[in-house]
$ cat structure.tsv   # TSV, C-alpha atoms
chain	number	residue	atom	x	y	z
I	29	ALA	CA	-5.81	1.58	11.21
I	30	PRO	CA	-5.50	-2.23	11.45
I	31	SER	CA	-4.10	-4.13	8.43
I	32	PRO	CA	-5.03	-7.83	8.65
I	33	GLN	CA	-3.03	-10.06	6.26
I	34	TRP	CA	-4.32	-13.23	4.57
I	35	PRO	CA	-1.04	-14.89	3.47
I	36	TYR	CA	-2.42	-17.61	1.16
I	37	CYS	CA	-2.71	-17.68	-2.63
I	38	ARG	CA	-3.92	-20.31	-5.11
I	39	LYS	CA	-0.74	-19.90	-7.15
I	40	ARG	CA	2.35	-17.73	-7.06
I	41	CYS	CA	2.63	-14.97	-9.70
I	42	SER	CA	5.89	-14.87	-11.66
I	43	TYR	CA	6.88	-11.43	-10.26
I	44	CYS	CA	5.83	-11.90	-6.63
I	45	SER	CA	8.29	-11.63	-3.73
I	46	PHE	CA	5.68	-11.11	-0.98
I	47	ASN	CA	5.21	-13.29	2.07
I	48	THR	CA	2.66	-15.60	0.42
I	49	TYR	CA	2.01	-19.35	0.65
I	50	VAL	CA	0.36	-21.85	-1.69
I	51	VAL	CA	-0.88	-24.77	0.44
I	52	PRO	CA	-3.24	-27.66	-0.36
I	53	ALA	CA	-5.68	-26.77	2.44
I	54	VAL	CA	-6.01	-23.93	4.91
I	55	ASP	CA	-7.54	-24.45	8.35
I	56	GLU	CA	-9.55	-21.26	8.05
I	57	ALA	CA	-11.23	-21.52	11.45
I	58	ALA	CA	-7.79	-21.68	13.14
I	59	VAL	CA	-6.42	-18.74	11.11
I	60	ARG	CA	-9.61	-16.76	11.84
I	61	SER	CA	-9.37	-17.28	15.60
I	62	CYS	CA	-5.69	-16.23	15.53
I	63	LEU	CA	-6.41	-13.07	13.50
I	64	VAL	CA	-9.18	-12.19	15.95
I	65	ARG	CA	-6.97	-12.80	18.98
I	66	GLU	CA	-4.03	-10.83	17.57
I	67	VAL	CA	-6.27	-7.89	16.62
I	68	GLN	CA	-7.61	-7.80	20.18
I	69	THR	CA	-4.15	-8.09	21.77
I	70	LEU	CA	-2.47	-5.41	19.65
I	71	LEU	CA	-5.38	-2.94	19.77
I	72	ARG	CA	-5.44	-3.24	23.56
I	73	LEU	CA	-1.68	-2.82	23.64
I	74	SER	CA	-1.92	0.36	21.54
I	75	GLN	CA	-4.85	1.72	23.60
I	76	VAL	CA	-6.17	3.26	20.37
I	77	HIS	CA	-9.68	4.58	20.98
I	78	SER	CA	-10.89	5.04	17.43
I	79	VAL	CA	-10.20	3.15	14.18
I	80	THR	CA	-10.58	5.13	10.94
I	81	SER	CA	-9.84	2.35	8.44
I	82	VAL	CA	-9.20	-1.38	8.08
I	83	PHE	CA	-7.32	-2.88	5.12
I	84	PHE	CA	-7.41	-6.61	4.38
I	85	GLY	CA	-4.23	-7.34	2.40
I	86	GLY	CA	-2.27	-10.46	1.48
I	87	GLY	CA	-1.70	-12.88	-0.18
I	88	THR	CA	-5.21	-13.09	-1.55
I	89	PRO	CA	-7.69	-12.04	1.15
I	90	SER	CA	-10.62	-12.63	-1.23
I	91	LEU	CA	-9.87	-16.36	-0.75
I	92	ALA	CA	-10.84	-16.00	2.91
I	93	SER	CA	-14.54	-16.35	3.65
I	94	PRO	CA	-16.76	-13.35	4.42
I	95	ARG	CA	-17.21	-14.96	7.85
I	96	THR	CA	-13.51	-14.41	8.61
I	97	VAL	CA	-13.71	-10.77	7.53
I	98	ALA	CA	-16.81	-10.26	9.70
I	99	ALA	CA	-15.11	-11.87	12.72
I	100	VAL	CA	-12.05	-9.59	12.42
I	101	LEU	CA	-14.23	-6.48	12.08
I	102	GLU	CA	-16.29	-7.55	15.10
I	103	ALA	CA	-13.05	-7.97	17.07
I	104	VAL	CA	-11.90	-4.46	16.06
I	105	ALA	CA	-15.27	-2.95	17.05
I	106	GLY	CA	-15.18	-4.86	20.35
I	107	VAL	CA	-11.95	-3.19	21.47
I	108	ALA	CA	-12.02	0.24	19.81
I	109	HIS	CA	-14.61	2.53	18.27
I	110	LEU	CA	-15.02	1.54	14.62
I	111	ALA	CA	-16.59	4.66	13.12
I	112	ALA	CA	-19.76	4.10	11.06
I	113	GLY	CA	-18.07	5.60	7.99
I	114	ALA	CA	-14.71	3.85	8.49
I	115	GLU	CA	-13.15	2.68	5.23
I	116	VAL	CA	-12.94	-1.13	5.09
I	117	THR	CA	-10.96	-2.29	2.05
I	118	LEU	CA	-10.45	-5.83	0.79
I	119	GLU	CA	-7.81	-6.71	-1.79
I	120	ALA	CA	-9.28	-9.11	-4.33
I	121	ASN	CA	-8.17	-11.16	-7.31
I	122	PRO	CA	-10.47	-11.29	-10.34
I	123	SER	CA	-10.49	-15.09	-10.09
I	124	SER	CA	-12.04	-15.11	-6.58
I	125	THR	CA	-14.70	-12.44	-6.96
I	126	SER	CA	-18.05	-13.88	-8.03
I	127	THR	CA	-20.92	-11.47	-7.45
I	128	SER	CA	-22.35	-13.63	-4.65
I	129	ARG	CA	-18.96	-13.75	-2.91
I	130	LEU	CA	-18.56	-9.98	-3.19
I	131	ALA	CA	-22.07	-9.52	-1.79
I	132	GLY	CA	-20.98	-11.72	1.14
I	133	PHE	CA	-17.99	-9.44	1.78
I	134	ARG	CA	-20.23	-6.38	1.61
I	135	ALA	CA	-22.62	-7.92	4.14
I	136	ALA	CA	-19.59	-8.67	6.38
I	137	GLY	CA	-18.71	-4.96	6.47
I	138	VAL	CA	-16.36	-4.39	3.51
I	139	ASN	CA	-17.15	-1.09	1.75
I	140	ARG	CA	-14.21	-0.70	-0.62
I	141	LEU	CA	-12.54	-3.14	-3.02
I	142	SER	CA	-9.04	-3.09	-4.51
I	143	ILE	CA	-8.87	-5.45	-7.50
I	144	GLY	CA	-5.54	-6.80	-8.78
I	145	VAL	CA	-6.27	-6.47	-12.49
I	146	GLN	CA	-2.53	-5.90	-13.34
I	147	SER	CA	-3.14	-6.02	-17.12
I	148	LEU	CA	-6.02	-6.14	-19.59
I	149	ASP	CA	-4.06	-8.21	-22.09
I	150	ASP	CA	-4.08	-12.02	-22.00
I	151	THR	CA	-0.48	-12.39	-23.23
I	152	GLU	CA	0.76	-10.03	-20.50
I	153	LEU	CA	-1.34	-11.82	-17.86
I	154	ARG	CA	0.25	-15.16	-18.83
I	155	LEU	CA	3.72	-13.59	-18.62
I	156	LEU	CA	2.84	-12.37	-15.11
I	157	GLY	CA	1.60	-15.83	-14.11
I	158	ARG	CA	-1.84	-14.47	-13.26
I	159	GLU	CA	-4.75	-16.87	-12.83
I	160	HIS	CA	-7.33	-14.73	-14.62
I	161	THR	CA	-7.97	-13.60	-18.19
I	162	ALA	CA	-8.62	-9.99	-19.28
I	163	GLU	CA	-12.30	-10.85	-19.76
I	164	GLU	CA	-12.54	-12.23	-16.20
I	165	ALA	CA	-10.91	-9.04	-14.91
I	166	ARG	CA	-13.51	-6.93	-16.74
I	167	LYS	CA	-16.37	-8.98	-15.32
I	168	ALA	CA	-14.93	-8.80	-11.81
I	169	VAL	CA	-14.58	-5.00	-11.95
I	170	GLU	CA	-18.11	-4.61	-13.32
I	171	ALA	CA	-19.52	-6.84	-10.57
I	172	ALA	CA	-17.54	-4.93	-7.93
I	173	ARG	CA	-18.72	-1.54	-9.20
I	174	GLY	CA	-22.31	-2.75	-8.99
I	175	LEU	CA	-21.84	-3.54	-5.29
I	176	PHE	CA	-19.26	-0.87	-4.33
I	177	PRO	CA	-20.02	2.08	-6.64
I	178	GLY	CA	-17.37	4.79	-6.41
I	179	ARG	CA	-15.30	2.57	-4.10
I	180	THR	CA	-13.71	0.05	-6.46
I	181	SER	CA	-10.02	0.52	-7.17
I	182	ILE	CA	-7.95	-1.29	-9.78
I	183	ASP	CA	-4.20	-2.07	-9.78
I	184	LEU	CA	-2.23	-2.00	-13.03
I	185	LEU	CA	1.42	-2.91	-13.69
I	186	PHE	CA	3.64	-1.21	-16.28
I	187	GLY	CA	7.20	-1.75	-17.46
I	188	LEU	CA	6.72	-5.45	-18.29
I	189	PRO	CA	9.59	-7.05	-20.23
I	190	GLY	CA	8.94	-6.36	-23.92
I	191	GLN	CA	6.06	-3.94	-23.27
I	192	SER	CA	6.13	-0.89	-25.57
I	193	ARG	CA	4.97	2.59	-24.70
I	194	ASP	CA	2.13	2.26	-27.21
I	195	ALA	CA	0.98	-1.06	-25.73
I	196	TRP	CA	0.97	0.59	-22.28
I	197	ALA	CA	-1.05	3.56	-23.59
I	198	GLN	CA	-3.61	1.07	-24.99
I	199	ARG	CA	-3.84	-0.75	-21.62
I	200	LEU	CA	-4.47	2.61	-19.94
I	201	GLU	CA	-7.22	3.56	-22.37
I	202	ALA	CA	-8.88	0.16	-21.80
I	203	ALA	CA	-8.56	0.67	-18.03
I	204	LEU	CA	-10.18	4.11	-18.24
I	205	VAL	CA	-13.24	2.60	-19.93
I	206	LEU	CA	-13.46	-0.04	-17.21
I	207	CYS	CA	-12.36	1.69	-14.03
I	208	ASP	CA	-14.22	3.34	-11.22
I	209	GLU	CA	-12.78	6.37	-9.39
I	210	HIS	CA	-9.42	5.04	-8.14
I	211	ILE	CA	-6.42	3.56	-9.96
I	212	SER	CA	-3.07	2.39	-8.53
I	213	LEU	CA	-0.18	2.08	-10.99
I	214	TYR	CA	2.96	0.15	-10.10
I	215	GLN	CA	6.15	-0.17	-12.07
I	216	LEU	CA	7.03	-3.86	-12.25
I	217	THR	CA	10.18	-4.52	-10.24
I	218	LEU	CA	12.22	-7.59	-11.06
I	219	GLU	CA	12.78	-8.95	-7.57
I	220	ARG	CA	15.62	-11.43	-6.99
I	221	GLY	CA	14.42	-14.99	-6.63
I	222	THR	CA	11.24	-14.55	-8.70
I	223	ALA	CA	10.53	-16.59	-11.84
I	224	LEU	CA	10.24	-13.46	-14.00
I	225	ALA	CA	13.57	-12.02	-12.83
I	226	ALA	CA	15.26	-15.35	-13.62
I	227	ARG	CA	13.90	-15.24	-17.19
I	228	VAL	CA	15.18	-11.69	-17.69
I	229	GLN	CA	18.60	-12.49	-16.18
I	230	GLY	CA	18.84	-15.61	-18.34
I	231	GLY	CA	18.27	-13.49	-21.46
I	232	ALA	CA	14.91	-15.07	-22.35
I	233	LEU	CA	13.16	-11.71	-21.84
I	234	PRO	CA	14.43	-8.12	-22.36
I	235	GLU	CA	14.95	-5.78	-19.41
I	236	PRO	CA	12.93	-2.56	-19.87
I	237	PRO	CA	15.23	0.49	-20.32
I	238	GLN	CA	15.02	3.24	-17.64
I	239	ASP	CA	14.08	6.03	-20.07
I	240	LEU	CA	11.16	3.95	-21.37
I	241	LEU	CA	9.93	3.35	-17.80
I	242	ALA	CA	10.07	7.11	-17.08
I	243	ASP	CA	8.22	7.74	-20.33
I	244	MET	CA	5.49	5.22	-19.40
I	245	TYR	CA	5.00	6.86	-16.00
I	246	HIS	CA	4.77	10.31	-17.61
I	247	THR	CA	2.28	9.00	-20.20
I	248	ALA	CA	0.11	7.51	-17.44
I	249	ARG	CA	0.06	10.73	-15.44
I	250	THR	CA	-0.82	12.80	-18.51
I	251	VAL	CA	-3.64	10.47	-19.57
I	252	LEU	CA	-5.14	10.11	-16.09
I	253	VAL	CA	-4.93	13.79	-15.16
I	254	ALA	CA	-6.60	14.66	-18.48
I	255	ALA	CA	-9.38	12.21	-17.51
I	256	GLY	CA	-10.00	14.13	-14.28
I	257	PHE	CA	-7.90	12.08	-11.86
I	258	ARG	CA	-5.94	13.72	-9.05
I	259	HIS	CA	-2.41	12.31	-8.82
I	260	TYR	CA	-2.48	12.33	-5.02
I	261	GLU	CA	0.45	9.96	-4.38
I	262	VAL	CA	3.34	8.59	-6.47
I	263	SER	CA	1.38	5.46	-7.51
I	264	ASN	CA	-2.22	6.52	-6.83
I	265	PHE	CA	-4.84	8.44	-8.76
I	266	ALA	CA	-8.37	9.35	-7.64
I	267	GLN	CA	-11.36	10.98	-9.31
I	268	LYS	CA	-14.14	12.83	-7.45
I	269	GLY	CA	-12.27	12.72	-4.14
I	270	ALA	CA	-12.17	8.90	-3.97
I	271	ILE	CA	-8.84	8.95	-2.12
I	272	SER	CA	-8.06	5.91	0.05
I	273	THR	CA	-8.18	6.95	3.72
I	274	HIS	CA	-6.10	3.94	4.72
I	275	ASN	CA	-3.32	4.58	2.22
I	276	LEU	CA	-3.22	8.25	3.16
I	277	SER	CA	-2.82	7.27	6.82
I	278	TYR	CA	0.43	5.44	5.91
I	279	TRP	CA	1.84	8.42	4.04
I	280	ARG	CA	0.88	10.77	6.84
I	281	ALA	CA	2.75	8.50	9.30
I	282	ASP	CA	-0.35	7.84	11.41
I	283	GLN	CA	-0.40	4.77	13.69
I	284	TYR	CA	-1.30	1.43	12.12
I	285	ILE	CA	-1.41	-2.10	13.46
I	286	GLY	CA	-0.23	-5.02	11.33
I	287	VAL	CA	-2.07	-8.29	12.03
I	288	GLY	CA	-1.27	-11.69	10.54
I	289	PRO	CA	1.85	-13.43	9.15
I	290	GLY	CA	4.55	-10.96	8.06
I	291	ALA	CA	2.40	-7.88	8.74
I	292	HIS	CA	4.13	-4.58	9.56
I	293	GLY	CA	2.91	-2.07	12.15
I	294	ARG	CA	3.84	1.32	13.58
I	295	PHE	CA	2.29	2.31	16.90
I	296	VAL	CA	2.93	3.38	20.49
I	297	PRO	CA	2.37	0.44	22.91
I	298	ARG	CA	0.74	2.58	25.60
I	299	GLY	CA	-0.81	-0.50	27.21
I	300	GLU	CA	2.60	-1.51	28.57
I	301	GLY	CA	3.70	2.02	29.45
I	302	GLY	CA	5.33	2.72	26.07
I	303	ARG	CA	5.71	6.37	25.09
I	304	SER	CA	7.56	5.97	21.78
I	305	ARG	CA	6.45	4.81	18.37
I	306	GLU	CA	7.63	1.27	17.57
I	307	ALA	CA	8.19	-0.54	14.28
I	308	ARG	CA	6.83	-4.08	14.51
I	309	VAL	CA	6.91	-7.10	12.20
I	310	GLN	CA	4.85	-10.22	12.79
I	311	THR	CA	6.30	-13.73	12.31
I	312	LEU	CA	6.43	-14.58	8.60
I	313	GLU	CA	5.58	-18.28	8.48
I	314	PRO	CA	1.84	-18.86	9.10
I	315	VAL	CA	2.08	-22.06	11.20
I	316	SER	CA	4.75	-20.54	13.48
I	317	TRP	CA	2.74	-17.30	13.68
I	318	MET	CA	-0.39	-19.24	14.75
I	319	ARG	CA	1.56	-21.10	17.45
I	320	GLU	CA	2.83	-17.79	18.86
I	321	VAL	CA	-0.61	-16.17	18.80
I	322	GLN	CA	-2.14	-19.18	20.57
I	323	SER	CA	0.54	-19.11	23.27
I	324	GLN	CA	1.04	-15.36	23.85
I	325	GLY	CA	-1.83	-13.55	22.13
I	326	HIS	CA	0.26	-12.12	19.29
I	327	GLY	CA	3.04	-13.17	16.92
I	328	THR	CA	5.30	-10.12	16.94
I	329	ARG	CA	8.72	-11.34	15.76
I	330	SER	CA	10.60	-8.05	15.93
I	331	ARG	CA	9.96	-4.69	17.54
I	332	ALA	CA	12.18	-1.63	17.59
I	333	VAL	CA	11.66	1.72	19.27
I	334	LEU	CA	12.07	4.43	16.62
I	335	SER	CA	14.35	7.34	17.54
I	336	LEU	CA	13.19	10.89	16.77
I	337	LEU	CA	15.50	10.92	13.73
I	338	GLU	CA	14.05	7.62	12.45
I	339	GLN	CA	10.52	8.94	12.90
I	340	LEU	CA	11.32	12.15	11.01
I	341	GLU	CA	13.01	10.14	8.25
I	342	GLU	CA	9.75	8.21	7.86
I	343	VAL	CA	7.62	11.37	7.90
I	344	LEU	CA	9.86	12.83	5.16
I	345	THR	CA	10.15	9.70	3.00
I	346	LEU	CA	6.43	8.90	3.12
I	347	GLY	CA	5.04	12.43	3.13
I	348	LEU	CA	6.93	13.51	0.01
I	349	ARG	CA	5.17	10.70	-1.90
I	350	THR	CA	1.92	12.71	-1.75
I	351	ASP	CA	0.85	15.79	-3.66
I	352	GLU	CA	0.10	17.60	-0.37
I	353	GLY	CA	3.60	16.79	0.94
I	354	ILE	CA	4.37	17.39	4.62
I	355	THR	CA	2.39	20.17	6.25
I	356	HIS	CA	3.98	22.33	8.95
I	357	GLU	CA	1.38	21.01	11.38
I	358	ARG	CA	2.18	17.34	10.75
I	359	TRP	CA	5.94	17.92	10.97
I	360	GLY	CA	5.38	19.86	14.23
I	361	HIS	CA	3.47	16.90	15.67
I	362	PHE	CA	6.65	14.79	15.42
I	363	SER	CA	9.19	17.61	15.82
I	364	PRO	CA	7.98	20.43	18.10
I	365	GLN	CA	11.52	21.82	18.52
I	366	LEU	CA	12.83	21.92	14.93
I	367	SER	CA	10.40	23.26	12.32
I	368	LEU	CA	10.45	22.36	8.61
I	369	GLN	CA	11.83	25.86	8.03
I	370	ASP	CA	14.63	25.26	10.58
I	371	VAL	CA	15.69	22.04	8.85
I	372	PHE	CA	15.09	22.68	5.15
I	373	GLY	CA	14.75	26.48	4.87
I	374	THR	CA	18.46	27.10	5.52
I	375	PRO	CA	21.12	27.04	2.78
I	376	GLY	CA	21.79	23.43	1.73
I	377	GLU	CA	20.47	20.57	-0.34
I	378	ALA	CA	16.77	21.46	-0.04
I	379	GLN	CA	17.35	25.01	-1.31
I	380	ALA	CA	19.33	23.66	-4.25
I	381	LEU	CA	16.50	21.23	-5.07
I	382	GLN	CA	14.02	24.13	-4.88
I	383	GLN	CA	16.11	26.20	-7.29
I	384	GLN	CA	16.26	23.21	-9.68
I	385	GLY	CA	12.47	22.97	-9.66
I	386	TRP	CA	12.11	19.63	-7.84
I	387	LEU	CA	10.89	20.84	-4.46
I	388	VAL	CA	8.70	23.54	-2.86
I	389	LEU	CA	8.88	24.87	0.71
I	390	ASP	CA	6.23	27.51	1.47
I	391	SER	CA	3.40	28.31	3.89
I	392	GLY	CA	1.74	24.98	2.97
I	393	GLY	CA	4.78	22.90	3.94
I	394	LEU	CA	7.37	20.85	2.05
I	395	ARG	CA	6.38	18.99	-1.12
I	396	CYS	CA	7.64	17.84	-4.50
I	397	THR	CA	6.74	19.43	-7.80
I	398	TRP	CA	5.35	16.95	-10.35
I	399	ALA	CA	8.84	16.74	-11.90
I	400	GLY	CA	10.25	16.00	-8.44
I	401	LEU	CA	7.64	13.34	-7.70
I	402	ALA	CA	8.76	11.41	-10.79
I	403	VAL	CA	12.37	11.26	-9.49
I	404	LEU	CA	11.66	11.23	-5.74
I	405	ASP	CA	14.01	8.31	-4.97
I	406	SER	CA	16.96	10.31	-6.27
I	407	LEU	CA	16.09	13.39	-4.15
I	408	LEU	CA	15.64	11.63	-0.82
I	409	PRO	CA	19.33	10.88	-0.01
I	410	ASP	CA	20.18	14.62	-0.15
I	411	LEU	CA	17.22	15.57	2.03
I	412	LEU	CA	17.94	12.83	4.55
I	413	CYS	CA	21.55	14.07	4.76
I	414	GLN	CA	20.37	17.59	5.56
I	415	LEU	CA	17.94	16.24	8.20
I	416	GLN	CA	20.66	14.12	9.84
I	417	ARG	CA	23.00	17.12	10.09
I	418	ARG	CA	20.32	19.13	11.94

$ encode --input "structure.tsv" --output "structure tokens"
Amino acid sequence: APSPQWPYCRKRCSYCSFNTYVVPAVDEAAVRSCLVREVQTLLRLSQVHSVTSVFFGGGTPSLASPRTVAAVLEAVAGVAHLAAGAEVTLEANPSSTSTSRLAGFRAAGVNRLSIGVQSLDDTELRLLGREHTAEEARKAVEAARGLFPGRTSIDLLFGLPGQSRDAWAQRLEAALVLCDEHISLYQLTLERGTALAARVQGGALPEPPQDLLADMYHTARTVLVAAGFRHYEVSNFAQKGAISTHNLSYWRADQYIGVGPGAHGRFVPRGEGGRSREARVQTLEPVSWMREVQSQGHGTRSRAVLSLLEQLEEVLTLGLRTDEGITHERWGHFSPQLSLQDVFGTPGEAQALQQQGWLVLDSGGLRCTWAGLAVLDSLLPDLLCQLQRR
């Protein structure tokens, strides 16, 4: 599952701490040729035969031209088998999604859209430093649903400074009227170094209390489940089976290849005799990344072989984010010697968490209850301790 990154944005949002760049002009042809070359190099290195999904993230990939998207997809299909039904998602901002542009992306091979709506309230959008208005977001989602019916996802943020539970419930109701069959909900995190965090630290804006944030999450789950959505992962809800294949591949700890500035990947470099899964990060700064790709075919800045323990920690941390949890089969794929039962079925932290109603270990595997999913971050340290001891 390749994940090409487009690192450029037209402006920086007040809450953003991602590897994004606002530059006066982008040499798109140069970036395109580097994305193509890196895709080819890393896919060959992985010796992956079949690609099940491609996810164009960023930055703002909808600022790239459909031609760039088409070139990357052609490069993928030239090295590996890109299945006819493979999910090809593009992240898009409402301000760069005219109907003609979206039609161009569809013609290039995109078949799923993830739209960064974030809020359907103009005051909140200004606070977030977003470029678009609520009305523009509505129009963008409607245009997207016309071209990608059943495959248009929207992102919403909650826990904004000063946001009440009632205001959040109203945003959700408005989103339900607008949305297609997939919604991603993210709690706003005040990241150090961002404009919004500085305003909260300086006392200009209130910091949302923890119990209110928990309440907002609970409200969202209740509303969405009542509307027929499956809460299939901590932040993700799908109706009518519209689950994102690409996202699920992360949480199932499948192999994925990060392409572009700052992209992350996890794969086995079989092309150079590698037998172990590696964690890779590409060079952050776009100009440096391009220089490296031009000289050596890829811009991998760091690579680390993951030990068995590190791999199992990932399987546990990611798998417990989903409603299916970690099946015995998937755990066995990474750990043929020690079963889930061997590690977590013995007296210890996991049994205590089961008795407290946070966790389930049965014939289906290991997973959180809904109550456990809401507090997953607080359960993981205990489970990781038990894993490390085994």

$ residues_around --input "structure.tsv" --residues "segment 240-252 of chain I" --least-positions-apart "4" --cutoff "6 Å" --atoms "all atoms listed in the file" --output "PyMOL selection string"
chain I and resi 187+193+257

$ closest_residue --input "structure.tsv" --among "I:Ala29, I:Thr88, I:Glu341, I:Gly400" --to "Asn47 of chain I" --atoms "all atoms listed in the file"
I:Thr88

$ residues_around --input "structure.tsv" --residues "Gln414 of chain I" --least-positions-apart "4" --cutoff "8 Å" --atoms "all atoms listed in the file" --output "PyMOL selection string"
chain I and resi 371-372+376-378+410+418

$ atom_distance --input "structure.tsv" --atom1 "atom CA of Val343 of chain I" --atom2 "atom CA of Gly144 of chain I"
28.0 Å

$ atom_distance --input "structure.tsv" --atom1 "atom CA of Asp150 of chain I" --atom2 "atom CA of Ala266 of chain I"
26.1 Å

$ closest_residue --input "structure.tsv" --among "I:Leu415, I:Ala120, I:Ala254, I:Leu394" --to "Gly347 of chain I" --atoms "only C-alpha atoms"
I:Leu394

$ closest_atom_pairs --input "structure.tsv" --of "segment 97-127 of chain I" --to "segment 65-70 of chain I" --cutoff "9 Å" --atoms "all atoms listed in the file" --output "JSON lines"
{"residue": "I:Val100", "atom": "CA", "partner": "I:Val67", "partner_atom": "CA", "distance": 7.3}
{"residue": "I:Ala103", "atom": "CA", "partner": "I:Gln68", "partner_atom": "CA", "distance": 6.3}
{"residue": "I:Val104", "atom": "CA", "partner": "I:Val67", "partner_atom": "CA", "distance": 6.6}
{"residue": "I:Gly106", "atom": "CA", "partner": "I:Gln68", "partner_atom": "CA", "distance": 8.1}
{"residue": "I:Val107", "atom": "CA", "partner": "I:Gln68", "partner_atom": "CA", "distance": 6.5}

$ write_last_selection --input "structure.tsv" --atoms "C-alpha atoms" --output "PDB file, in the frame of the given file"
ATOM      1  CA  VAL I 100     -12.050  -9.590  12.420  1.00  0.00           C
ATOM      2  CA  ALA I 103     -13.050  -7.970  17.070  1.00  0.00           C
ATOM      3  CA  VAL I 104     -11.900  -4.460  16.060  1.00  0.00           C
ATOM      4  CA  GLY I 106     -15.180  -4.860  20.350  1.00  0.00           C
ATOM      5  CA  VAL I 107     -11.950  -3.190  21.470  1.00  0.00           C
TER       6      VAL I 107
END

$ atom_distance --input "structure.tsv" --atom1 "atom CA of Ser363 of chain I" --atom2 "atom CA of Glu338 of chain I"
11.6 Å

$ residues_around --input "structure.tsv" --residues "Ala380 of chain I" --least-positions-apart "6" --cutoff "12 Å" --atoms "only C-alpha atoms" --output "list of chain:residue names"
I:Phe372, I:Gly373, I:Thr374, I:Trp386, I:Leu387, I:Val388, I:Leu389, I:Leu407, I:Asp410, I:Leu411, I:Gln414

$ closest_residue --input "structure.tsv" --among "I:Leu155, I:Val333, I:Ala255, I:Cys207" --to "Gly190 of chain I" --atoms "only C-alpha atoms"
I:Leu155

$ residues_around --input "structure.tsv" --residues "Gly302 of chain I" --least-positions-apart "6" --cutoff "10 Å" --atoms "only C-alpha atoms" --output "MDAnalysis selection string"
chainID I and resid 73:74 295:296 333

$ residues_around --input "structure.tsv" --residues "Val205 of chain I" --least-positions-apart "3" --cutoff "12 Å" --atoms "only C-alpha atoms" --output "list of chain:residue names"
I:Leu148, I:Arg166, I:Val169, I:Glu170, I:Gln198, I:Arg199, I:Leu200, I:Glu201, I:Ala202, I:Asp208, I:Glu209, I:Leu252, I:Ala255

$ closest_residue --input "structure.tsv" --among "I:Tyr36, I:Phe83, I:Tyr43, I:Trp317" --to "His274 of chain I" --atoms "only C-alpha atoms"
I:Phe83

$ closest_residue --input "structure.tsv" --among "I:Pro35, I:Gly325, I:Pro94, I:Gly392" --to "Thr355 of chain I" --atoms "all atoms listed in the file"
I:Gly392

$ closest_residue --input "structure.tsv" --among "I:Leu204, I:Leu276, I:Ala332, I:Leu233" --to "Glu261 of chain I" --atoms "only C-alpha atoms"
I:Leu276

$ build_atoms --input "structure.tsv" --residues "segment 40-49 of chain I" --atoms "N, CA, C and O atoms" --output "mmCIF file, keeping the file's coordinate frame"
data_model
loop_
_atom_site.group_PDB
_atom_site.id
_atom_site.type_symbol
_atom_site.label_atom_id
_atom_site.label_comp_id
_atom_site.auth_asym_id
_atom_site.auth_seq_id
_atom_site.Cartn_x
_atom_site.Cartn_y
_atom_site.Cartn_z
ATOM 1 N N ARG I 40 1.428 -18.851 -7.235
ATOM 2 C CA ARG I 40 2.350 -17.730 -7.060
ATOM 3 C C ARG I 40 2.567 -17.042 -8.409
ATOM 4 O O ARG I 40 2.899 -17.690 -9.390
ATOM 5 N N CYS I 41 2.389 -15.715 -8.456
ATOM 6 C CA CYS I 41 2.630 -14.970 -9.700
ATOM 7 C C CYS I 41 4.127 -14.916 -9.984
ATOM 8 O O CYS I 41 4.949 -14.975 -9.066
ATOM 9 N N SER I 42 4.481 -14.765 -11.254
ATOM 10 C CA SER I 42 5.890 -14.870 -11.660
ATOM 11 C C SER I 42 6.758 -13.729 -11.130
ATOM 12 O O SER I 42 7.972 -13.825 -11.106
ATOM 13 N N TYR I 43 6.120 -12.614 -10.702
ATOM 14 C CA TYR I 43 6.880 -11.430 -10.260
ATOM 15 C C TYR I 43 6.828 -11.240 -8.750
ATOM 16 O O TYR I 43 7.382 -10.281 -8.228
ATOM 17 N N CYS I 44 6.145 -12.146 -8.037
ATOM 18 C CA CYS I 44 5.830 -11.900 -6.630
ATOM 19 C C CYS I 44 6.956 -12.276 -5.681
ATOM 20 O O CYS I 44 7.471 -13.387 -5.729
ATOM 21 N N SER I 45 7.305 -11.324 -4.769
ATOM 22 C CA SER I 45 8.290 -11.630 -3.730
ATOM 23 C C SER I 45 7.683 -11.373 -2.349
ATOM 24 O O SER I 45 8.395 -11.192 -1.373
ATOM 25 N N PHE I 46 6.343 -11.344 -2.267
ATOM 26 C CA PHE I 46 5.680 -11.110 -0.980
ATOM 27 C C PHE I 46 5.680 -12.366 -0.118
ATOM 28 O O PHE I 46 5.980 -13.463 -0.586
ATOM 29 N N ASN I 47 5.278 -12.174 1.130
ATOM 30 C CA ASN I 47 5.210 -13.290 2.070
ATOM 31 C C ASN I 47 3.890 -14.047 1.829
ATOM 32 O O ASN I 47 2.914 -13.871 2.537
ATOM 33 N N THR I 48 3.880 -14.868 0.758
ATOM 34 C CA THR I 48 2.660 -15.600 0.420
ATOM 35 C C THR I 48 2.939 -17.098 0.351
ATOM 36 O O THR I 48 4.073 -17.523 0.109
ATOM 37 N N TYR I 49 1.880 -17.893 0.560
ATOM 38 C CA TYR I 49 2.010 -19.350 0.650
ATOM 39 C C TYR I 49 0.908 -20.020 -0.163
ATOM 40 O O TYR I 49 -0.252 -19.619 -0.101
#
